[in-house]
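Trainee: To be precise about what I am sending: the file is called my_file.tsv and holds TSV, C-alpha atoms.
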chain	number	residue	atom	x	y	z
A	1	MET	CA	-6.69	7.78	-14.76
A	2	THR	CA	-9.74	6.11	-13.22
A	3	PRO	CA	-9.07	2.47	-12.26
A	4	PRO	CA	-11.29	-0.23	-13.77
A	5	SER	CA	-14.48	-1.22	-12.00
A	6	GLY	CA	-14.66	-4.31	-9.84
A	7	GLU	CA	-15.10	-7.59	-11.72
A	8	PRO	CA	-16.44	-11.00	-10.65
A	9	GLY	CA	-13.95	-12.70	-8.37
A	10	GLY	CA	-12.18	-9.47	-7.56
A	11	VAL	CA	-12.76	-6.44	-5.36
A	12	THR	CA	-16.17	-4.87	-5.92
A	13	ASP	CA	-16.79	-1.17	-6.53
A	14	ALA	CA	-18.57	-0.99	-3.16
A	15	GLU	CA	-15.54	-2.49	-1.38
A	16	TRP	CA	-13.14	-0.06	-3.07
A	17	ALA	CA	-15.44	2.84	-2.18
A	18	ALA	CA	-15.66	1.73	1.46
A	19	ALA	CA	-11.88	1.52	1.75
A	20	VAL	CA	-11.36	4.93	0.14
A	21	GLU	CA	-13.98	6.49	2.41
A	22	ALA	CA	-12.38	4.89	5.49
A	23	VAL	CA	-8.93	6.24	4.67
A	24	ARG	CA	-10.16	9.67	3.64
A	25	GLY	CA	-12.12	9.84	6.88
A	26	LEU	CA	-8.91	9.67	8.90
A	27	THR	CA	-7.23	12.78	10.25
A	28	PRO	CA	-3.59	13.30	9.13
A	29	GLY	CA	-0.84	15.16	10.97
A	30	PRO	CA	0.95	14.83	14.31
A	31	GLU	CA	-2.33	15.10	16.24
A	32	GLY	CA	-4.19	12.89	13.79
A	33	ASP	CA	-5.38	9.31	13.81
A	34	GLU	CA	-3.07	6.47	14.75
A	35	ILE	CA	-2.59	3.92	11.97
A	36	GLN	CA	-1.21	0.41	12.45
A	37	LEU	CA	-0.12	-1.63	9.44
A	38	ILE	CA	0.52	-5.38	9.85
A	39	CYS	CA	1.75	-8.13	7.55
A	40	HIS	CA	2.03	-11.84	8.22
A	41	VAL	CA	4.52	-13.77	10.35
A	42	ASN	CA	7.84	-14.57	8.64
A	43	PRO	CA	7.18	-11.87	6.03
A	44	ASP	CA	8.17	-12.38	2.41
A	45	GLY	CA	8.71	-9.80	-0.31
A	46	ASP	CA	5.03	-9.32	-1.10
A	47	ALA	CA	4.06	-8.91	2.56
A	48	LEU	CA	6.81	-6.40	3.40
A	49	GLY	CA	6.80	-4.60	0.05
A	50	SER	CA	3.03	-4.17	-0.01
A	51	MET	CA	2.87	-2.96	3.59
A	52	LEU	CA	5.77	-0.51	3.32
A	53	GLY	CA	4.65	0.74	-0.09
A	54	PHE	CA	1.22	1.59	1.25
A	55	ALA	CA	2.71	3.12	4.41
A	56	LEU	CA	4.80	5.43	2.25
A	57	GLY	CA	1.67	6.32	0.30
A	58	LEU	CA	-0.10	7.25	3.53
A	59	ARG	CA	2.87	9.39	4.51
A	60	ARG	CA	2.54	11.24	1.20
A	61	LEU	CA	-1.07	11.97	2.18
A	62	GLY	CA	0.18	13.66	5.34
A	63	PHE	CA	-0.26	10.88	7.88
A	64	THR	CA	2.53	10.84	10.45
A	65	ARG	CA	1.26	8.55	13.22
A	66	LEU	CA	2.15	5.41	11.29
A	67	ARG	CA	3.63	2.14	12.50
A	68	ALA	CA	4.24	-1.04	10.55
A	69	THR	CA	5.00	-4.42	12.08
A	70	PHE	CA	4.66	-8.19	11.84
A	71	PRO	CA	4.28	-10.93	14.47
A	72	GLY	CA	7.12	-13.00	15.86
A	73	GLU	CA	10.84	-12.36	15.92
A	74	PHE	CA	11.68	-8.88	14.68
A	75	GLU	CA	14.12	-9.72	11.92
A	76	VAL	CA	13.88	-8.48	8.35
A	77	PRO	CA	15.38	-10.99	5.88
A	78	THR	CA	18.62	-9.69	4.39
A	79	PRO	CA	17.29	-9.32	0.81
A	80	TYR	CA	14.70	-6.81	2.08
A	81	GLN	CA	16.88	-4.79	4.44
A	82	SER	CA	17.26	-1.90	2.00
A	83	LEU	CA	13.55	-1.48	1.24
A	84	PRO	CA	12.31	2.12	1.48
A	85	GLY	CA	10.07	2.75	4.48
A	86	LEU	CA	11.91	0.53	6.94
A	87	ASP	CA	12.04	3.49	9.32
A	88	LEU	CA	8.31	2.89	9.88
A	89	LEU	CA	8.88	-0.71	10.97
A	90	VAL	CA	8.70	-1.55	14.69
A	91	PRO	CA	8.76	-4.85	16.64
A	92	GLN	CA	5.37	-6.20	17.63
A	93	HIS	CA	5.73	-5.08	21.25
A	94	ALA	CA	5.99	-1.48	20.01
A	95	ALA	CA	2.81	-1.66	17.93
A	96	CYS	CA	0.02	0.80	18.62
A	97	THR	CA	-2.03	-0.26	21.62
A	98	SER	CA	-5.26	1.43	20.53
A	99	PRO	CA	-4.99	2.25	16.81
A	100	ASP	CA	-7.78	4.14	15.06
A	101	VAL	CA	-7.38	1.89	12.05
A	102	VAL	CA	-5.58	-1.39	11.31
A	103	LEU	CA	-4.56	-2.39	7.80
A	104	THR	CA	-3.35	-5.93	7.09
A	105	PHE	CA	-1.32	-7.01	4.08
A	106	ASP	CA	-0.97	-10.46	2.51
A	107	VAL	CA	-2.67	-12.03	5.56
A	108	ALA	CA	-5.09	-14.81	4.61
A	109	ALA	CA	-6.23	-15.72	8.14
A	110	GLU	CA	-6.14	-14.31	11.66
A	111	SER	CA	-3.78	-17.11	12.71
A	112	ARG	CA	-1.07	-15.50	10.55
A	113	LEU	CA	-1.16	-12.43	12.82
A	114	GLY	CA	-0.12	-14.18	16.03
A	115	GLU	CA	-0.57	-12.00	19.12
A	116	LEU	CA	-1.23	-8.99	16.89
A	117	ALA	CA	-4.65	-10.44	16.08
A	118	ALA	CA	-5.86	-8.66	19.24
A	119	LEU	CA	-5.55	-5.37	17.32
A	120	LEU	CA	-8.39	-6.45	15.03
A	121	ALA	CA	-10.69	-4.98	17.70
A	122	ALA	CA	-9.82	-1.54	16.25
A	123	PRO	CA	-12.75	0.60	15.03
A	124	ARG	CA	-11.64	0.16	11.41
A	125	VAL	CA	-9.91	-2.91	9.92
A	126	ILE	CA	-9.00	-2.88	6.24
A	127	MET	CA	-7.59	-6.06	4.73
A	128	LEU	CA	-5.59	-6.13	1.49
A	129	ASP	CA	-4.83	-9.60	0.15
A	130	HIS	CA	-4.88	-11.92	-2.86
A	131	HIS	CA	-5.13	-15.41	-1.36
A	132	ALA	CA	-8.02	-17.56	-2.57
A	133	SER	CA	-8.20	-19.11	0.92
A	134	ASN	CA	-8.67	-15.73	2.62
A	135	THR	CA	-11.14	-15.88	5.54
A	136	ARG	CA	-12.26	-12.23	5.14
A	137	PHE	CA	-11.73	-11.31	8.79
A	138	GLY	CA	-11.59	-7.55	8.17
A	139	ARG	CA	-14.39	-5.05	8.34
A	140	ILE	CA	-13.44	-3.93	4.83
A	141	ASN	CA	-11.98	-6.74	2.71
A	142	LEU	CA	-10.02	-5.91	-0.43
A	143	VAL	CA	-9.33	-9.47	-1.55
A	144	ASP	CA	-8.61	-10.31	-5.19
A	145	PRO	CA	-7.62	-13.96	-5.77
A	146	ARG	CA	-6.96	-13.10	-9.41
A	147	ALA	CA	-4.21	-10.65	-8.45
A	148	ALA	CA	-0.65	-11.89	-8.86
A	149	ALA	CA	0.39	-10.24	-5.60
A	150	THR	CA	-1.04	-8.20	-2.76
A	151	SER	CA	0.89	-5.27	-4.20
A	152	VAL	CA	-1.57	-5.25	-7.12
A	153	VAL	CA	-4.38	-4.58	-4.63
A	154	VAL	CA	-2.25	-1.94	-2.89
A	155	ASP	CA	-1.65	-0.18	-6.19
A	156	GLY	CA	-5.40	-0.18	-6.83
A	157	LEU	CA	-6.13	1.52	-3.51
A	158	LEU	CA	-3.28	4.03	-3.81
A	159	THR	CA	-4.56	4.98	-7.27
A	160	ARG	CA	-8.09	5.50	-5.97
A	161	LEU	CA	-6.70	7.64	-3.15
A	162	GLY	CA	-4.89	9.83	-5.68
A	163	VAL	CA	-1.40	8.94	-4.45
A	164	PRO	CA	1.11	9.29	-7.31
A	165	LEU	CA	3.84	6.71	-7.60
A	166	ASP	CA	7.33	7.80	-6.64
A	167	ALA	CA	10.52	5.75	-6.75
A	168	GLU	CA	10.30	4.69	-3.09
A	169	ILE	CA	6.72	3.44	-3.30
A	170	ALA	CA	7.49	1.85	-6.66
A	171	GLU	CA	10.51	-0.07	-5.35
A	172	CYS	CA	8.45	-1.57	-2.56
A	173	LEU	CA	5.65	-2.60	-4.90
A	174	TYR	CA	8.07	-3.91	-7.54
A	175	VAL	CA	9.83	-6.13	-4.99
A	176	ALA	CA	6.43	-7.44	-3.91
A	177	LEU	CA	5.30	-8.07	-7.47
A	178	ALA	CA	8.55	-9.68	-8.61
A	179	THR	CA	8.79	-12.04	-5.65
A	180	ASP	CA	5.22	-13.33	-5.82
A	181	THR	CA	5.39	-13.87	-9.59
A	182	GLY	CA	8.75	-15.65	-9.37
A	183	SER	CA	10.44	-12.95	-11.44
A	184	PHE	CA	7.39	-12.80	-13.72
A	185	LYS	CA	7.42	-16.48	-14.68
A	186	PHE	CA	4.41	-17.87	-12.78
A	187	ASP	CA	0.97	-18.43	-14.31
A	188	MET	CA	-0.48	-15.31	-12.66
A	189	THR	CA	1.82	-13.11	-14.75
A	190	THR	CA	-0.76	-11.41	-16.96
A	191	PRO	CA	-0.50	-8.45	-19.35
A	192	ALA	CA	-1.79	-6.29	-16.49
A	193	VAL	CA	1.11	-7.46	-14.32
A	194	HIS	CA	3.62	-6.35	-16.94
A	195	GLU	CA	1.77	-3.06	-17.34
A	196	LEU	CA	2.04	-2.45	-13.59
A	197	ALA	CA	5.72	-3.39	-13.64
A	198	ALA	CA	6.26	-0.91	-16.49
A	199	ARG	CA	4.60	1.90	-14.51
A	200	LEU	CA	6.77	1.07	-11.49
A	201	ILE	CA	9.99	0.98	-13.52
A	202	ALA	CA	9.05	4.29	-15.15
A	203	THR	CA	9.56	6.02	-11.78
A	204	GLY	CA	13.30	5.42	-12.16
A	205	ILE	CA	13.88	2.26	-10.13
A	206	SER	CA	16.45	-0.26	-11.37
A	207	PRO	CA	14.98	-3.74	-11.91
A	208	GLY	CA	18.47	-5.16	-12.45
A	209	ASP	CA	19.77	-3.93	-9.10
A	210	ILE	CA	16.61	-5.05	-7.34
A	211	SER	CA	16.72	-8.52	-8.90
A	212	ARG	CA	20.38	-9.02	-7.98
A	213	ARG	CA	19.66	-8.04	-4.40
A	214	ILE	CA	16.46	-10.08	-4.02
A	215	PHE	CA	17.09	-13.18	-6.15
A	216	ASP	CA	20.77	-13.47	-7.00
A	217	THR	CA	22.70	-12.71	-3.81
A	218	ARG	CA	23.12	-15.39	-1.15
A	219	PRO	CA	25.78	-16.15	1.48
A	220	PHE	CA	28.19	-18.97	0.64
A	221	GLY	CA	26.81	-20.94	3.59
A	222	ALA	CA	23.31	-20.69	2.14
A	223	MET	CA	24.55	-22.19	-1.13
A	224	LYS	CA	26.20	-25.08	0.71
A	225	LEU	CA	23.05	-25.63	2.77
A	226	ALA	CA	20.90	-25.71	-0.35
A	227	GLY	CA	23.19	-28.30	-1.91
A	228	GLU	CA	22.79	-30.59	1.09
A	229	VAL	CA	19.03	-30.19	1.32
A	230	LEU	CA	18.54	-30.74	-2.42
A	231	GLY	CA	20.78	-33.80	-2.21
A	232	ARG	CA	18.31	-35.52	0.10
A	233	ALA	CA	15.29	-34.92	-2.15
A	234	ALA	CA	13.08	-37.96	-2.80
A	235	LEU	CA	10.83	-38.68	-5.78
A	236	ASP	CA	7.49	-40.53	-5.50
A	237	PRO	CA	6.28	-41.05	-9.09
A	238	THR	CA	3.02	-42.74	-8.05
A	239	ALA	CA	1.73	-39.85	-5.91
A	240	ALA	CA	-0.95	-37.42	-7.11
A	241	GLY	CA	-2.67	-39.98	-9.30
A	242	GLY	CA	0.60	-40.90	-10.99
A	243	ARG	CA	1.58	-37.28	-11.70
A	244	GLY	CA	4.37	-37.57	-9.16
A	245	MET	CA	5.58	-35.79	-6.03
A	246	VAL	CA	9.09	-34.68	-5.09
A	247	TRP	CA	10.00	-33.59	-1.58
A	248	THR	CA	12.83	-32.68	0.73
A	249	TYR	CA	13.33	-31.22	4.18
A	250	ALA	CA	15.63	-28.95	6.18
A	251	THR	CA	16.18	-28.95	9.93
A	252	LEU	CA	17.20	-26.35	12.47
A	253	ALA	CA	20.44	-28.30	12.83
A	254	ASP	CA	21.08	-27.78	9.11
A	255	LEU	CA	20.67	-24.04	9.56
A	256	ALA	CA	22.95	-24.00	12.61
A	257	ARG	CA	25.62	-26.07	10.86
A	258	TYR	CA	25.92	-23.52	8.08
A	259	GLY	CA	25.23	-20.46	10.25
A	260	GLN	CA	22.12	-19.45	8.28
A	261	LYS	CA	18.78	-17.85	9.05
A	262	PRO	CA	15.48	-19.60	8.20
A	263	TYR	CA	14.63	-17.18	5.38
A	264	VAL	CA	17.40	-18.64	3.17
A	265	LEU	CA	15.22	-21.75	2.82
A	266	ASP	CA	12.32	-19.83	1.27
A	267	THR	CA	13.63	-20.14	-2.28
A	268	LEU	CA	14.42	-23.86	-2.07
A	269	ILE	CA	10.97	-24.72	-3.41
A	270	ASP	CA	11.97	-23.30	-6.82
A	271	PRO	CA	14.60	-25.89	-7.83
A	272	VAL	CA	12.51	-28.66	-6.27
A	273	ARG	CA	9.41	-27.73	-8.28
A	274	GLY	CA	11.47	-27.92	-11.46
A	275	VAL	CA	11.75	-31.73	-11.31
A	276	ALA	CA	10.30	-33.01	-14.59
A	277	GLU	CA	8.90	-36.25	-13.15
A	278	ALA	CA	6.72	-34.60	-10.50
A	279	ASP	CA	3.72	-32.30	-10.63
A	280	VAL	CA	3.76	-31.61	-6.88
A	281	ALA	CA	6.75	-30.29	-4.94
A	282	VAL	CA	6.96	-30.22	-1.14
A	283	VAL	CA	9.62	-28.60	1.05
A	284	VAL	CA	9.40	-29.19	4.81
A	285	LYS	CA	11.34	-26.66	6.91
A	286	GLN	CA	11.73	-27.11	10.65
A	287	SER	CA	10.52	-24.17	12.73
A	288	GLY	CA	10.34	-25.80	16.19
A	289	ALA	CA	11.04	-29.02	18.07
A	290	ASP	CA	8.08	-30.78	16.46
A	291	GLU	CA	6.92	-28.09	14.03
A	292	TRP	CA	7.51	-27.63	10.31
A	293	ALA	CA	6.68	-24.89	7.80
A	294	VAL	CA	5.54	-26.72	4.68
A	295	SER	CA	5.62	-25.21	1.17
A	296	LEU	CA	3.50	-26.83	-1.55
A	297	ARG	CA	3.65	-26.24	-5.31
A	298	SER	CA	1.81	-27.78	-8.25
A	299	LYS	CA	2.31	-27.50	-12.00
A	300	GLY	CA	-1.43	-27.81	-12.56
A	301	ALA	CA	-2.61	-31.31	-11.68
A	302	VAL	CA	-3.43	-30.62	-8.01
A	303	ASP	CA	-5.09	-27.75	-6.16
A	304	VAL	CA	-2.56	-27.48	-3.36
A	305	SER	CA	-4.52	-24.66	-1.68
A	306	GLU	CA	-7.24	-27.19	-0.83
A	307	VAL	CA	-4.61	-29.55	0.56
A	308	ALA	CA	-3.16	-26.73	2.67
A	309	VAL	CA	-6.58	-25.59	3.92
A	310	ALA	CA	-7.38	-29.16	4.97
A	311	LEU	CA	-4.21	-29.07	7.08
A	312	GLY	CA	-4.87	-25.66	8.64
A	313	GLY	CA	-3.05	-23.50	6.11
A	314	GLY	CA	-3.93	-21.76	2.87
A	315	GLY	CA	-2.69	-20.15	-0.30
A	316	HIS	CA	-3.31	-20.39	-4.01
A	317	ARG	CA	-4.28	-23.19	-6.37
A	318	LEU	CA	-0.68	-23.80	-7.46
A	319	ALA	CA	1.20	-22.44	-4.41
A	320	ALA	CA	0.24	-22.90	-0.77
A	321	GLY	CA	1.54	-23.83	2.66
A	322	PHE	CA	0.70	-24.93	6.18
A	323	THR	CA	2.29	-25.76	9.53
A	324	GLY	CA	2.89	-29.49	10.10
A	325	HIS	CA	3.78	-31.56	13.15
A	326	GLY	CA	5.68	-34.81	13.61
A	327	THR	CA	8.64	-36.01	11.57
A	328	PRO	CA	9.26	-34.84	7.99
A	329	GLY	CA	8.23	-38.24	6.73
A	330	GLU	CA	4.97	-38.13	8.66
A	331	VAL	CA	4.18	-34.63	7.40
A	332	VAL	CA	4.81	-35.63	3.79
A	333	ALA	CA	2.80	-38.85	4.18
A	334	THR	CA	-0.16	-36.72	5.32
A	335	VAL	CA	0.21	-34.48	2.27
A	336	ARG	CA	0.50	-37.46	-0.08
A	337	GLY	CA	-2.70	-38.93	1.34
A	338	LEU	CA	-4.63	-35.80	0.36
A	339	LEU	CA	-3.27	-35.22	-3.15
A	340	ASP	CA	-5.60	-37.66	-4.92
A	341	GLU	CA	-8.61	-35.93	-3.35
A	342	HIS	CA	-7.72	-32.60	-4.95
A	343	LEU	CA	-6.73	-33.48	-8.50
A	344	LEU	CA	-7.78	-30.88	-11.06
Go ahead and render the structure in this file as structure tokens.
Mentor:
Amino acid sequence: MTPPSGEPGGVTDAEWAAAVEAVRGLTPGPEGDEIQLICHVNPDGDALGSMLGFALGLRRLGFTRLRATFPGEFEVPTPYQSLPGLDLLVPQHAACTSPDVVLTFDVAAESRLGELAALLAAPRVIMLDHHASNTRFGRINLVDPRAAATSVVVDGLLTRLGVPLDAEIAECLYVALATDTGSFKFDMTTPAVHELAARLIATGISPGDISRRIFDTRPFGAMKLAGEVLGRAALDPTAAGGRGMVWTYATLADLARYGQKPYVLDTLIDPVRGVAEADVAVVVKQSGADEWAVSLRSKGAVDVSEVAVALGGGGHRLAAGFTGHGTPGEVVATVRGLLDEHLL
């Protein structure tokens, strides 16, 4: 089936055609072109699932000189350690030194590539992403801010390349789609999202098993940690023009005390954002001595992507993030000061 044409705000027909031509112009096989796939630092389900799903698609096309990686510490979060295609994953120091093509996944800005940004000097750079704040640093940019996940863009390119879905590709893309839609409950969950999910499930994957592994399995220590962090949450009902803001924080000492890895904090934003008295939710997670990874969510009153961009980050209108410095209180005070400027 021929995919729909490009629409305003999405990927244009010319951009799809350029990406297809670039991939089809590569030489497969053991003596063929060297392909490097990269997703962002501290990869989530959409980043890893989209990258590995596309890598498996390339392998079905006969490409064998494939490597996938991400910047920073080489550790795959436990929920994603059974994803198909992990055999293609290498630490950043083992990335291709002179790839013929680089493909990036779920990367909104070069800064999210760390030291791997040097590989953007490759002859061909194809970017696949769905962040509204994307800086379009690729030579070919497949960026659709209307897409619920980067995996939607990946599916579009795989379809245009004539790669049929199999269970392995589908599992990767389903994990990506389910994580970035919050198990299909966020505003970006459209009829097209459910149609894609149906096609993926039709390959034989088990959404129940995947959901238990990704969303419903956590170490006991992670549960205890979450209880402590949620217990220190604070509500500011006057923030965001009176719509309210709720926030909390987690330190490296918290992680050490419960013997947990940083990724277990990624889902903490979900119970925080559920507070009825606040439109905006903020979770501040320590990543260094004076450095914090900040997650922002809005129920619709604030464009948190603009707040994040103003602070050096990015994301979507209702979900974004940035790296902050100082104490948790100072980071949150900076966020609060910007909320009124970006009311919707």
Trainee: Show me, as a list in words, the residues that have an atom within 9 Å of A:Glu306 when counting only C-alpha atoms, minus same-chain residues fewer than 4 positions from it.
Mentor: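 Close residues of A:Glu306: Ser133, Val302, Ala310, Leu311, Gly313, Gly314, Gly315, His316, Arg317, Ala320 and His342 of chain A.
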Trainee: When you count all atoms listed in the file, which of these residues is closest to A:Thr217: A:Thr12, A:Val154, A:Ile169, A:Thr267?
Mentor: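 Distance minimum relative to A:Thr217 lands on A:Thr267.
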Trainee: Pick from A:Leu338, A:Ile35, A:Leu296, A:Leu173: nearest to A:Pro123, with all atoms listed in the file counted?
Mentor: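 Of A:Leu338, A:Ile35, A:Leu296, A:Leu173, the one nearest A:Pro123, counting all atoms listed in the file, is A:Ile35.
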Trainee: Would you mind telling me which residue in A:Asp187, A:Glu21, A:Glu330, A:Glu73 lies nearest to A:Gly300 when using all atoms listed in the file?
Mentor: A:Asp187
Trainee: Near stretch 247-252 of chain A, within 8 Å and counting all atoms listed in the file, which residues show up once chain neighbours fewer than 5 positions away are dropped, as a list in words?
Mentor: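 With the cut-off at 8 Å, the set is Val229, Leu230, Arg232, Ala233, Ala234, Leu235, Leu265, Val272, Ala281, Val282, Val283, Val284, Lys285, Gln286, Ser287, Gly288, Pro328 and Val332 of chain A.
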Trainee: In terms of the shortest atom-to-atom distance over all atoms listed in the file, which of A:Leu196, A:Ala226, A:Ala170, A:Val264 is closest to A:Ile214?
Mentor: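 Answer, going by the shortest atom-to-atom distance: A:Val264.
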Trainee: Looking at A:Arg60, A:Arg257, A:Arg243, A:His131, which one is nearest to A:Asp46, with distances taken over only C-alpha atoms?
Mentor: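 Nearest to A:Asp46: A:His131.
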Trainee: So which one's closest to A:Ala148, A:Gly182, A:Pro77, A:Pro99, A:Pro219? Using all atoms listed in the file, please.
Mentor: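 Using all atoms listed in the file, the shortest distance to A:Ala148 belongs to A:Gly182.
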Trainee: Would you list the contacts of A:Gly337 as a CSV table (one decimal) with C-alpha atoms, keeping the file's coordinate frame, taking every protein, DNA or RNA residue within 12 Å and counting all atoms listed in the file, but skipping same-chain residues closer than 3 positions in sequence?
Mentor:
chain,number,residue,atom,x,y,z
A,238,THR,CA,3.0,-42.7,-8.0
A,239,ALA,CA,1.7,-39.8,-5.9
A,240,ALA,CA,-1.0,-37.4,-7.1
A,241,GLY,CA,-2.7,-40.0,-9.3
A,245,MET,CA,5.6,-35.8,-6.0
A,307,VAL,CA,-4.6,-29.6,0.6
A,310,ALA,CA,-7.4,-29.2,5.0
A,311,LEU,CA,-4.2,-29.1,7.1
A,330,GLU,CA,5.0,-38.1,8.7
A,331,VAL,CA,4.2,-34.6,7.4
A,332,VAL,CA,4.8,-35.6,3.8
A,333,ALA,CA,2.8,-38.8,4.2
A,334,THR,CA,-0.2,-36.7,5.3
A,340,ASP,CA,-5.6,-37.7,-4.9
A,341,GLU,CA,-8.6,-35.9,-3.4
A,342,HIS,CA,-7.7,-32.6,-5.0
A,343,LEU,CA,-6.7,-33.5,-8.5
Trainee: Please provide the set of residues having any atom within 10 Å of A:Thr64, restricted to all atoms listed in the file, with same-chain residues fewer than 4 positions apart removed, written as number ranges by chain.
Mentor: A: 27-35, 55, 58-60, 88
Trainee: What are the closest atom pairs, with distances in Å to one decimal, for each residue of stretch 118-201 of chain A lying within 8 Å of stretch 49-52 of chain A, using only C-alpha atoms, rows by chain and rising residue number, as JSON lines?
Mentor:
{"residue": "A:Thr150", "atom": "CA", "partner": "A:Ser50", "partner_atom": "CA", "distance": 6.4}
{"residue": "A:Ser151", "atom": "CA", "partner": "A:Ser50", "partner_atom": "CA", "distance": 4.8}
{"residue": "A:Val154", "atom": "CA", "partner": "A:Ser50", "partner_atom": "CA", "distance": 6.4}
{"residue": "A:Ile169", "atom": "CA", "partner": "A:Leu52", "partner_atom": "CA", "distance": 7.8}
{"residue": "A:Glu171", "atom": "CA", "partner": "A:Gly49", "partner_atom": "CA", "distance": 8.0}
{"residue": "A:Cys172", "atom": "CA", "partner": "A:Gly49", "partner_atom": "CA", "distance": 4.3}
{"residue": "A:Leu173", "atom": "CA", "partner": "A:Gly49", "partner_atom": "CA", "distance": 5.5}
{"residue": "A:Tyr174", "atom": "CA", "partner": "A:Gly49", "partner_atom": "CA", "distance": 7.7}
{"residue": "A:Val175", "atom": "CA", "partner": "A:Gly49", "partner_atom": "CA", "distance": 6.1}
{"residue": "A:Ala176", "atom": "CA", "partner": "A:Gly49", "partner_atom": "CA", "distance": 4.9}
Trainee: Go ahead and fit an axis-aligned box to every listed atom of stretch 68-75 of chain A plus 3 Å each side, and pass me the centre and edge lengths in Å, one decimal, as JSON.
Mentor:
{"center_x": 9.2, "center_y": -7.0, "center_z": 13.2, "size_x": 15.9, "size_y": 18.0, "size_z": 11.4}
Trainee: What does the distance between atom CA of A:Glu115 and atom CA of A:Val41 come to in Å, to one decimal place?
Mentor: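 One can read the atom CA of A:Glu115 to atom CA of A:Val41 distance as 10.3 Å.
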Trainee: May I have the residues within 6 Å of stretch 199-207 of chain A as a PDB file with C-alpha atoms, in the coordinates of the input, using all atoms listed in the file and disregarding those fewer than 4 positions away in the same chain?
Mentor:
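Ended up saving to result_4.pdb:
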ATOM      1  CA  ASP A 166       7.330   7.800  -6.640  1.00  0.00           C
ATOM      2  CA  ALA A 167      10.520   5.750  -6.750  1.00  0.00           C
ATOM      3  CA  ALA A 170       7.490   1.850  -6.660  1.00  0.00           C
ATOM      4  CA  SER A 211      16.720  -8.520  -8.900  1.00  0.00           C
TER       5      SER A 211
END
Trainee: Work out how far atom CA of A:Val280 is from atom CA of A:Gly244, in Å to one decimal.
Mentor: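 Pair atom CA of A:Gly244 / atom CA of A:Val280 returns 6.4 Å.
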